[in-house]
Amino acid sequence: MPTVLNNDGATPIDYKAEGYGYKITVSDETDGSGNPQSDLTPEDLQIPASGIFEVAFAFNASGNPSNAFSLSATDGKLSVNKAIDDATRLGNSCTITSTVTVNALDASTKSYDPTSFSEVTIKSELADYTASNTSIIGAWSGNSTPKEYLLADEDITAILTALGVADFSTASITTSTPAAGGVTLAVQTAHNDKLVVKVSESTIYEDDVVASISANNKTIKVTVPGVKIAIPEKFDLSEAGGMWNPDGTVNLVVEPTYNGGAEKLQSIKLTREFSQIIGNYATVSVALGENYDDEFTYEVTGSDAQGEVAANKLTVATNATDNVTVTMSVTCTAGATSYVVASKTINFAPISSLLTSTLVEGTDAEHTAATKGEVVTFSTTFADFTWSDRRGKVMWPAPDATYFYPATAADALAIYGYSMEVKLSGDMKDYFELADDKTTVKIKSGLTIQAPASDISVNVVFTPNVMWGEAPAPVTKRIIFPKELFN
């Protein structure tokens with residue numbers, strides 16, 4: 001039932017034509033108790049209304065405020081009184097009643113109590129307004145708090161001016177498109193003078209947003225065109241020039257940590273920043289940040305524990321394979337759902353090709369002890385038997401203190417995932433003992449050897465181990481204690 005009469009006077013409310021003049025309830029029983037059917041018209045019952053039903057329309061007890069309305073008592077047409085100026089008419093309200101008189105076939109008549117219709121208020125239906133701001137683009141969001149996209153200042157000013165109000169504190173807003181909700185036109189949170197397109201959690205929508213704003217007895221239909229709340233379109237991640245090898249691999253970066261000196265190496269990490277190898281990384285980041293309101297995350301996945309990512313930088317795990325392969329994915333997330341909009345598999349060059357080393361066997365294959373109590377120190381006895389790192393700096397048998405922070409060879413080797421296994425072999429190995437740190441060998445303490453028939457000797461086998469790639473071949477050094485030392 002109409003509640004608004006447009007102040008322009010172009011379209012009156014026609015109560016009679018719309019069937020508001022009389023409604024009939026019929027029943028199977030005279031007392032109305034049997035299957036009543038309500039709101040029927042004479043036409044529904046095939047009863048001619050003319051001559052049988054008469055209806056008279058009138059203002060109720062509140063009357064016609066400011067004489068703003070015109071009413072035809074017999075036709076049932078309510079319109080604005082154009083003899084009154086627009087400003088005086090605007091905002092006035094009235095309630096119309098109808099009294100039905102039935103003329104029976106026996107010439108008797110019966111009038112029914114007046115029926116009151118909904119209150120009608122004169123309001124202005126303003127010209128439709130289309131927001132001029134550029135399209136609103138946003139990403140589907142997993143946030144429980146709705147997102148708000150602000151309309152341009154010039155649009156807000158135009159709407160406020162049309163309604164004749166300073167802000168929207170008294171306004172009512174009804175969004176008609178989309179009808180299902182999820183995206184609405186609303187007053188900005190904590191700012192009564194701003195309008196926003198409000199987007200609920202996990203909403204996907206691509207169309208205009210249309211809403212009616214009523215205030216000060218005026219209504220304006222506002223269209224915000226081109227609203228797009230969507231999953232970003234899939235795109236390709238390009239290869240940065242000069243960063244990819246001819247075989248399609250990418251080199252990892254050795255990231256050193258120094259302690260106590262400019263070249264005093266304490267540790268290394270194998271890393272790679274995606275922004276260095278993805279050509280459109282910056283463009284993609286900016287586009288997603290601007291167009292999709294930062295509703296995206298980078299994540300790296302692999303078939304095993306190849307590494308972890310922080311700040312879009314891969315750090316290789318210590319137990320990664322020699323040939324690290326990861327997939328860089330740009331993922332939009334909403335609630336518990338993720339959607340990959342871009343991905344690229346990155347094959348890194350073998351770690352073993354990056355962490356190279358040099359093992360030099362030295363010139364001496366054996367050493368002859370001068371005394372039976374001699375402690376043979378490998379670092380001095382076989383001084384030219386060395387294992388150097390990728391920089392050419394000696395790690396083993398004793399690290400160069402200028403270039404390594406660790407004091408022991410074992411700790412220096414561990415920086416690169418290396419180790420040196422030292423074992424004794426030979427028939428006489430039980431005569432000998434290695435120091436706990438595997439840096440020296442000697443005849444066992446307390447062992448009595450008297451007039452042996454031959455020299456006492458042992459083979460010391462040095463077996464290099466590496467985390468990635470092929471390790472250098474084992475090296476064997478022979479230690480001899482002449483039999484004369486025991487006579």
# chains A, B, ... in the order shown; residues from 1 in each chain; ligands from 1
$ residues_around --residues "region 236-246 of chain A" --least-positions-apart "2" --cutoff "6 Å" --atoms "only C-alpha atoms" --output "PyMOL selection string"
chain A and resi 248-250+277-280+342
$ residues_around --residues "Thr11 (chain A)" --least-positions-apart "6" --cutoff "10 Å" --atoms "only C-alpha atoms" --output "number ranges by chain"
A: 5, 77-80
$ write_last_selection --atoms "N, CA and C atoms" --output "PDB file, in the first residue's frame"
ATOM      1  N   LEU A   5       3.815  10.000  -1.542  1.00  0.00           N
ATOM      2  CA  LEU A   5       3.235  10.726  -2.675  1.00  0.00           C
ATOM      3  C   LEU A   5       4.300  11.692  -3.170  1.00  0.00           C
ATOM      4  N   LYS A  77      -8.803   9.358  -5.814  1.00  0.00           N
ATOM      5  CA  LYS A  77      -7.482   9.786  -6.251  1.00  0.00           C
ATOM      6  C   LYS A  77      -6.923  10.829  -5.285  1.00  0.00           C
ATOM      7  N   LEU A  78      -5.743  10.528  -4.748  1.00  0.00           N
ATOM      8  CA  LEU A  78      -5.065  11.446  -3.833  1.00  0.00           C
ATOM      9  C   LEU A  78      -3.887  12.046  -4.566  1.00  0.00           C
ATOM     10  N   SER A  79      -3.804  13.377  -4.590  1.00  0.00           N
ATOM     11  CA  SER A  79      -2.707  14.067  -5.275  1.00  0.00           C
ATOM     12  C   SER A  79      -2.275  15.253  -4.440  1.00  0.00           C
ATOM     13  N   VAL A  80      -1.177  15.873  -4.841  1.00  0.00           N
ATOM     14  CA  VAL A  80      -0.712  17.059  -4.125  1.00  0.00           C
ATOM     15  C   VAL A  80      -1.544  18.252  -4.570  1.00  0.00           C
TER      16      VAL A  80
END
$ residues_around --residues "region 174-176 of chain A" --least-positions-apart "5" --cutoff "7 Å" --atoms "only C-alpha atoms" --output "list in words"
Thr184, Leu185, Val210, Ala211, Ser212 and Ile213 of chain A
$ select_by_dssp --residues "region 122-302 of chain A" --states "strand (DSSP E)" --output "ChimeraX atom specification"
/A:122-125,129-130,137-139,147-150,172-177,183-187,195-199,205-215,218-230,253-258,265-273,297-301
$ residues_around --residues "region 454-465 of chain A" --least-positions-apart "2" --cutoff "10 Å" --atoms "only C-alpha atoms" --output "MDAnalysis selection string"
chainID A and resid 359 366:369 372 378 387 413 417:432 434 441:443 449 451:452 467:486
$ write_last_selection --atoms "N, CA and C atoms" --output "compact mmCIF listing (two decimals), in the first residue's frame"
# COMPACT_ATOMS: atom_id res chain seq x y z
N LEU A 359 90.26 -30.40 -1.81
CA LEU A 359 91.02 -31.27 -0.91
C LEU A 359 92.37 -31.58 -1.57
N GLU A 366 103.37 -40.91 4.16
CA GLU A 366 103.61 -41.57 5.44
C GLU A 366 104.52 -40.72 6.29
N HIS A 367 104.56 -41.11 7.58
CA HIS A 367 105.42 -40.39 8.54
C HIS A 367 106.07 -41.41 9.45
N THR A 368 107.35 -41.24 9.71
CA THR A 368 108.09 -42.12 10.60
C THR A 368 108.37 -41.39 11.90
N ALA A 369 107.93 -42.01 13.00
CA ALA A 369 108.08 -41.38 14.31
C ALA A 369 109.53 -41.40 14.76
N LYS A 372 109.23 -43.48 20.50
CA LYS A 372 108.05 -44.33 20.68
C LYS A 372 106.93 -43.59 21.41
N PHE A 378 98.40 -34.25 13.08
CA PHE A 378 98.16 -34.25 11.64
C PHE A 378 98.43 -32.90 11.00
N TRP A 387 92.10 -29.13 3.42
CA TRP A 387 90.75 -29.04 2.80
C TRP A 387 90.34 -27.58 2.91
N LEU A 413 84.31 -26.86 9.30
CA LEU A 413 83.70 -27.68 8.25
C LEU A 413 82.17 -27.64 8.32
N GLY A 417 78.30 -27.70 6.01
CA GLY A 417 77.70 -29.02 6.01
C GLY A 417 78.69 -30.11 5.72
N TYR A 418 79.98 -29.84 6.00
CA TYR A 418 81.03 -30.82 5.78
C TYR A 418 81.43 -31.46 7.11
N SER A 419 82.13 -32.57 6.99
CA SER A 419 82.76 -33.20 8.15
C SER A 419 83.89 -34.09 7.66
N MET A 420 84.83 -34.39 8.56
CA MET A 420 85.93 -35.28 8.22
C MET A 420 85.91 -36.46 9.19
N GLU A 421 85.73 -37.64 8.66
CA GLU A 421 85.75 -38.84 9.46
C GLU A 421 87.18 -39.40 9.48
N VAL A 422 87.71 -39.67 10.67
CA VAL A 422 89.07 -40.18 10.81
C VAL A 422 89.01 -41.54 11.51
N LYS A 423 89.57 -42.56 10.86
CA LYS A 423 89.57 -43.90 11.44
C LYS A 423 90.96 -44.54 11.26
N LEU A 424 91.26 -45.48 12.13
CA LEU A 424 92.49 -46.25 12.03
C LEU A 424 92.20 -47.58 11.37
N SER A 425 93.15 -48.07 10.57
CA SER A 425 92.99 -49.37 9.93
C SER A 425 94.34 -50.09 9.89
N GLY A 426 94.28 -51.36 9.65
CA GLY A 426 95.50 -52.16 9.58
C GLY A 426 95.55 -53.18 10.71
N ASP A 427 96.46 -54.15 10.56
CA ASP A 427 96.55 -55.24 11.54
C ASP A 427 96.98 -54.77 12.91
N MET A 428 97.68 -53.64 12.98
CA MET A 428 98.22 -53.18 14.25
C MET A 428 97.44 -51.99 14.81
N LYS A 429 96.24 -51.77 14.32
CA LYS A 429 95.50 -50.57 14.74
C LYS A 429 95.19 -50.57 16.23
N ASP A 430 95.15 -51.76 16.83
CA ASP A 430 94.82 -51.81 18.26
C ASP A 430 95.97 -51.32 19.13
N TYR A 431 97.15 -51.12 18.53
CA TYR A 431 98.27 -50.57 19.29
C TYR A 431 98.16 -49.04 19.42
N PHE A 432 97.23 -48.45 18.70
CA PHE A 432 97.19 -46.99 18.59
C PHE A 432 95.86 -46.44 19.13
N LEU A 434 93.43 -42.70 18.83
CA LEU A 434 93.18 -41.35 18.32
C LEU A 434 92.74 -40.44 19.46
N VAL A 441 97.43 -38.90 16.78
CA VAL A 441 97.46 -40.33 17.02
C VAL A 441 98.78 -40.67 17.72
N LYS A 442 98.73 -41.71 18.56
CA LYS A 442 99.94 -42.13 19.29
C LYS A 442 99.78 -43.59 19.68
N ILE A 443 100.93 -44.20 20.18
CA ILE A 443 100.86 -45.52 20.75
C ILE A 443 100.02 -45.45 22.01
N ILE A 449 105.51 -52.67 24.65
CA ILE A 449 105.92 -53.37 23.43
C ILE A 449 107.42 -53.65 23.55
N ALA A 451 110.83 -55.49 21.97
CA ALA A 451 111.57 -56.09 20.86
C ALA A 451 110.68 -56.68 19.77
N PRO A 452 109.85 -55.82 19.13
CA PRO A 452 109.01 -56.35 18.07
C PRO A 452 109.84 -56.82 16.88
N MET A 467 77.37 -32.42 2.62
CA MET A 467 75.91 -32.48 2.65
C MET A 467 75.33 -32.61 1.25
N TRP A 468 75.96 -31.94 0.27
CA TRP A 468 75.42 -31.92 -1.09
C TRP A 468 76.50 -32.32 -2.08
N GLY A 469 76.13 -33.04 -3.09
CA GLY A 469 77.06 -33.40 -4.15
C GLY A 469 77.96 -34.57 -3.78
N GLU A 470 79.04 -34.71 -4.53
CA GLU A 470 79.97 -35.82 -4.37
C GLU A 470 81.15 -35.38 -3.52
N ALA A 471 81.44 -36.15 -2.50
CA ALA A 471 82.54 -35.81 -1.59
C ALA A 471 83.88 -36.17 -2.22
N PRO A 472 84.96 -35.48 -1.83
CA PRO A 472 86.30 -35.88 -2.27
C PRO A 472 86.61 -37.30 -1.83
N ALA A 473 87.51 -37.93 -2.54
CA ALA A 473 87.88 -39.32 -2.23
C ALA A 473 88.63 -39.40 -0.90
N PRO A 474 88.48 -40.50 -0.19
CA PRO A 474 89.23 -40.67 1.06
C PRO A 474 90.74 -40.65 0.81
N VAL A 475 91.45 -40.24 1.84
CA VAL A 475 92.91 -40.16 1.80
C VAL A 475 93.47 -41.01 2.94
N THR A 476 94.52 -41.80 2.65
CA THR A 476 95.14 -42.65 3.67
C THR A 476 96.58 -42.20 3.91
N LYS A 477 96.93 -42.00 5.17
CA LYS A 477 98.29 -41.68 5.58
C LYS A 477 98.79 -42.80 6.50
N ARG A 478 100.09 -43.17 6.31
CA ARG A 478 100.65 -44.27 7.10
C ARG A 478 101.59 -43.71 8.17
N ILE A 479 101.40 -44.15 9.41
CA ILE A 479 102.25 -43.74 10.52
C ILE A 479 103.10 -44.95 10.92
N ILE A 480 104.43 -44.76 10.98
CA ILE A 480 105.34 -45.87 11.26
C ILE A 480 106.17 -45.56 12.51
N PHE A 481 106.18 -46.51 13.43
CA PHE A 481 107.08 -46.46 14.58
C PHE A 481 108.11 -47.59 14.39
N PRO A 482 109.35 -47.24 14.04
CA PRO A 482 110.38 -48.27 13.77
C PRO A 482 110.57 -49.20 14.96
N LYS A 483 110.88 -50.47 14.67
CA LYS A 483 111.03 -51.48 15.73
C LYS A 483 112.19 -51.16 16.67
N GLU A 484 113.18 -50.39 16.12
CA GLU A 484 114.33 -50.06 16.94
C GLU A 484 113.97 -49.20 18.13
N LEU A 485 112.86 -48.47 18.03
CA LEU A 485 112.45 -47.59 19.12
C LEU A 485 112.04 -48.38 20.36
N PHE A 486 111.80 -49.69 20.22
CA PHE A 486 111.28 -50.48 21.32
C PHE A 486 112.32 -51.45 21.91
$ residues_around --residues "region 214-218 of chain A" --least-positions-apart "4" --cutoff "12 Å" --atoms "only C-alpha atoms" --output "PyMOL selection string"
chain A and resi 4-8+86-93+120-128+159-175+222
$ write_last_selection --atoms "N, CA and C atoms" --output "tab-separated table (two decimals), in the first residue's frame"
chain	number	residue	atom	x	y	z
A	4	VAL	N	4.08	6.94	0.10
A	4	VAL	CA	4.74	8.15	-0.36
A	4	VAL	C	3.99	8.71	-1.56
A	5	LEU	N	3.81	10.00	-1.54
A	5	LEU	CA	3.24	10.73	-2.68
A	5	LEU	C	4.30	11.69	-3.17
A	6	ASN	N	4.65	11.54	-4.45
A	6	ASN	CA	5.73	12.36	-4.99
A	6	ASN	C	5.29	13.82	-5.08
A	7	ASN	N	6.17	14.70	-4.62
A	7	ASN	CA	5.85	16.13	-4.56
A	7	ASN	C	5.74	16.77	-5.93
A	8	ASP	N	6.19	16.04	-6.98
A	8	ASP	CA	6.09	16.66	-8.31
A	8	ASP	C	4.67	16.64	-8.85
A	86	ASP	N	5.77	24.17	-3.30
A	86	ASP	CA	6.44	22.89	-3.06
A	86	ASP	C	6.96	22.75	-1.65
A	87	ALA	N	7.60	23.79	-1.15
A	87	ALA	CA	8.22	23.71	0.18
A	87	ALA	C	7.18	23.50	1.27
A	88	THR	N	6.00	24.11	1.10
A	88	THR	CA	4.94	23.98	2.12
A	88	THR	C	4.35	22.58	2.08
A	89	ARG	N	4.19	22.02	0.90
A	89	ARG	CA	3.63	20.66	0.78
A	89	ARG	C	4.56	19.59	1.34
A	90	LEU	N	5.85	19.76	1.10
A	90	LEU	CA	6.83	18.71	1.38
A	90	LEU	C	6.82	18.30	2.85
A	91	GLY	N	6.72	17.02	3.08
A	91	GLY	CA	6.79	16.49	4.44
A	91	GLY	C	5.46	16.33	5.13
A	92	ASN	N	4.38	16.86	4.56
A	92	ASN	CA	3.06	16.71	5.18
A	92	ASN	C	2.56	15.28	4.99
A	93	SER	N	1.74	14.83	5.95
A	93	SER	CA	1.22	13.46	5.92
A	93	SER	C	-0.28	13.47	6.13
A	120	VAL	N	0.28	8.48	4.31
A	120	VAL	CA	0.99	8.91	3.12
A	120	VAL	C	1.70	10.22	3.41
A	121	THR	N	2.98	10.28	3.01
A	121	THR	CA	3.78	11.48	3.22
A	121	THR	C	4.25	12.02	1.88
A	122	ILE	N	4.18	13.33	1.73
A	122	ILE	CA	4.65	13.96	0.49
A	122	ILE	C	6.17	14.07	0.56
A	123	LYS	N	6.81	13.45	-0.41
A	123	LYS	CA	8.26	13.49	-0.49
A	123	LYS	C	8.68	13.78	-1.91
A	124	SER	N	9.95	14.19	-2.03
A	124	SER	CA	10.48	14.47	-3.36
A	124	SER	C	11.30	13.29	-3.86
A	125	GLU	N	10.97	12.81	-5.02
A	125	GLU	CA	11.78	11.80	-5.68
A	125	GLU	C	12.75	12.54	-6.58
A	126	LEU	N	14.01	12.60	-6.16
A	126	LEU	CA	15.00	13.38	-6.89
A	126	LEU	C	15.49	12.62	-8.11
A	127	ALA	N	16.13	13.36	-8.99
A	127	ALA	CA	16.69	12.73	-10.19
A	127	ALA	C	17.74	11.71	-9.78
A	128	ASP	N	17.79	10.61	-10.53
A	128	ASP	CA	18.79	9.57	-10.24
A	128	ASP	C	20.19	10.14	-10.35
A	159	ILE	N	25.32	14.45	-3.48
A	159	ILE	CA	24.17	13.75	-2.89
A	159	ILE	C	23.65	14.52	-1.67
A	160	LEU	N	24.56	14.99	-0.83
A	160	LEU	CA	24.14	15.79	0.33
A	160	LEU	C	23.41	17.05	-0.10
A	161	THR	N	23.92	17.70	-1.13
A	161	THR	CA	23.30	18.94	-1.63
A	161	THR	C	21.90	18.66	-2.16
A	162	ALA	N	21.76	17.57	-2.89
A	162	ALA	CA	20.45	17.23	-3.45
A	162	ALA	C	19.44	16.95	-2.34
A	163	LEU	N	19.87	16.27	-1.29
A	163	LEU	CA	18.96	15.96	-0.18
A	163	LEU	C	18.75	17.15	0.74
A	164	GLY	N	19.64	18.12	0.67
A	164	GLY	CA	19.49	19.30	1.52
A	164	GLY	C	19.85	19.03	2.97
A	165	VAL	N	20.84	18.17	3.20
A	165	VAL	CA	21.26	17.84	4.56
A	165	VAL	C	22.77	18.00	4.66
A	166	ALA	N	23.24	18.13	5.91
A	166	ALA	CA	24.67	18.31	6.14
A	166	ALA	C	25.42	16.99	6.22
A	167	ASP	N	24.72	15.94	6.64
A	167	ASP	CA	25.35	14.62	6.71
A	167	ASP	C	24.26	13.55	6.59
A	168	PHE	N	24.64	12.31	6.77
A	168	PHE	CA	23.70	11.21	6.57
A	168	PHE	C	23.21	10.61	7.89
A	169	SER	N	23.33	11.38	8.97
A	169	SER	CA	22.96	10.83	10.28
A	169	SER	C	21.48	10.49	10.38
A	170	THR	N	20.62	11.20	9.63
A	170	THR	CA	19.18	10.92	9.68
A	170	THR	C	18.69	10.16	8.45
A	171	ALA	N	19.62	9.76	7.59
A	171	ALA	CA	19.23	9.13	6.33
A	171	ALA	C	18.95	7.65	6.51
A	172	SER	N	18.04	7.17	5.68
A	172	SER	CA	17.84	5.72	5.57
A	172	SER	C	18.28	5.31	4.18
A	173	ILE	N	19.01	4.19	4.12
A	173	ILE	CA	19.57	3.73	2.85
A	173	ILE	C	19.09	2.31	2.60
A	174	THR	N	18.52	2.11	1.42
A	174	THR	CA	18.05	0.79	1.02
A	174	THR	C	18.74	0.40	-0.27
A	175	THR	N	19.52	-0.67	-0.21
A	175	THR	CA	20.21	-1.15	-1.40
A	175	THR	C	19.31	-2.13	-2.15
A	222	VAL	N	20.88	6.28	-6.07
A	222	VAL	CA	22.31	6.43	-6.37
A	222	VAL	C	22.83	5.12	-6.96
$ atom_distance --atom1 "CA of Ala349 (chain A)" --atom2 "CA of Ala311 (chain A)"
22.2 Å
$ atom_distance --atom1 "CA of Val254 (chain A)" --atom2 "CA of Pro350 (chain A)"
12.7 Å
$ select_by_dssp --residues "region 172-384 of chain A" --states "alpha helix (DSSP H)" --output "list in words"
Phe274, Ser275, Gln276, Ile277, Tyr281, Ala282, Thr283, Val284, Ser285, Val286, Ala287, Leu288, Gly289, Glu290, Asn291, Ile351, Ser352, Ser353, Leu354, Phe378, Ser379, Thr380 and Thr381 of chain A
$ atom_distance --atom1 "CA of Ser108 (chain A)" --atom2 "CA of Ala56 (chain A)"
18.0 Å
$ residues_around --residues "Ser116 (chain A)" --least-positions-apart "5" --cutoff "10 Å" --atoms "only C-alpha atoms" --output "list in words"
Phe57, Ala58, Phe59, Asn60, Thr95, Ile96, Thr97, Ser98 and Thr99 of chain A
